[in-house]
Amino acid sequence: MRCRIASPADAPRLAEIYAPYVANTAVTFATVPLTPEDFLHKMESLYPFLVCEENGQVLGYAYAAAFRAKEAYRWDVELSIYVDEAVHRRGVGSRLMRCLLGLLRAQGYKSAYSCITLPNEPSLCLHHSFGFTQVGLFENAGYKLGKWRSVSWMRLPLGDFDGEPAEPLPVSQLDKNQIMHILER
């Protein structure tokens, strides 16, 4: 199993992994599946977009996105991780999380946030295992699949908060050897 930067050729598989979460779960509040073109757009951002694969088969993906649009939030990111349902509990999510957090730290981001629909014990456990703590609970935040759903907001500090921070680097500006080292851990 290895992580790598997602490529445009991965887009159809990413849409395939995500679709059951939209149709059958409240894990995402989306009600319309993303298309391969939507995934291509997500890959074009400043943030890392990773896949985890084994024997050439993409098993899951993870990416970071802007936490909020206002400029003072530019050191904060929101994470998303999705794993093919057929390979749950094989360490794919942990592998993706480790690689994603490593890249975000190297880029200079200061805080990572995740929004988790409740109940979702596997996701909560994954986040806790990496040191995330709950910073908020939004009760009855969304209505999906015939029920009101609450969400837990979790946060992980990625760096220090002393002095004026350097601007976060786009992943494309990281040294290729540094990227490879982070993804091979």
# chains A, B, ... in the order shown; residues from 1 in each chain; ligands from 1

$ closest_atom_pairs --of "range 33-95 of chain A" --to "range 113-130 of chain A" --cutoff "7 Å" --atoms "only C-alpha atoms" --output "CSV"
residue,atom,partner,partner_atom,distance
A:Val77,CA,A:Tyr113,CA,6.1
A:Glu78,CA,A:Tyr113,CA,4.6
A:Leu79,CA,A:Ser114,CA,5.4
A:Ser94,CA,A:Leu126,CA,6.8

$ residues_around --residues "range 23-36 of chain A" --least-positions-apart "4" --cutoff "12 Å" --atoms "only C-alpha atoms" --output "PyMOL selection string"
chain A and resi 7-19+40-43+80-83+85+114-124+141-152

$ residues_around --residues "Gly108 in chain A" --least-positions-apart "6" --cutoff "9 Å" --atoms "only C-alpha atoms" --output "VMD selection string"
chain A and resid 75 158 to 159 165 to 169

$ write_last_selection --atoms "N, CA and C atoms" --output "PDB file, in the first residue's frame"
ATOM      1  N   TRP A  75      -4.021  29.850   7.016  1.00  0.00           N
ATOM      2  CA  TRP A  75      -3.130  28.849   7.621  1.00  0.00           C
ATOM      3  C   TRP A  75      -3.904  27.634   8.139  1.00  0.00           C
ATOM      4  N   LEU A 158      -0.964  21.996  13.825  1.00  0.00           N
ATOM      5  CA  LEU A 158       0.074  21.444  12.951  1.00  0.00           C
ATOM      6  C   LEU A 158       1.436  22.095  13.170  1.00  0.00           C
ATOM      7  N   GLY A 159       1.448  23.248  13.772  1.00  0.00           N
ATOM      8  CA  GLY A 159       2.707  23.967  13.967  1.00  0.00           C
ATOM      9  C   GLY A 159       2.598  24.891  15.151  1.00  0.00           C
ATOM     10  N   PRO A 165       3.543  34.195  10.956  1.00  0.00           N
ATOM     11  CA  PRO A 165       3.798  32.978  10.180  1.00  0.00           C
ATOM     12  C   PRO A 165       4.190  33.280   8.741  1.00  0.00           C
ATOM     13  N   ALA A 166       4.999  32.391   8.189  1.00  0.00           N
ATOM     14  CA  ALA A 166       5.291  32.450   6.752  1.00  0.00           C
ATOM     15  C   ALA A 166       4.040  32.020   6.005  1.00  0.00           C
ATOM     16  N   GLU A 167       3.927  32.472   4.777  1.00  0.00           N
ATOM     17  CA  GLU A 167       2.792  32.064   3.946  1.00  0.00           C
ATOM     18  C   GLU A 167       2.877  30.560   3.672  1.00  0.00           C
ATOM     19  N   PRO A 168       1.755  29.858   3.723  1.00  0.00           N
ATOM     20  CA  PRO A 168       1.781  28.437   3.359  1.00  0.00           C
ATOM     21  C   PRO A 168       2.195  28.276   1.893  1.00  0.00           C
ATOM     22  N   LEU A 169       2.967  27.252   1.639  1.00  0.00           N
ATOM     23  CA  LEU A 169       3.414  26.973   0.276  1.00  0.00           C
ATOM     24  C   LEU A 169       2.403  26.087  -0.447  1.00  0.00           C
TER      25      LEU A 169
END
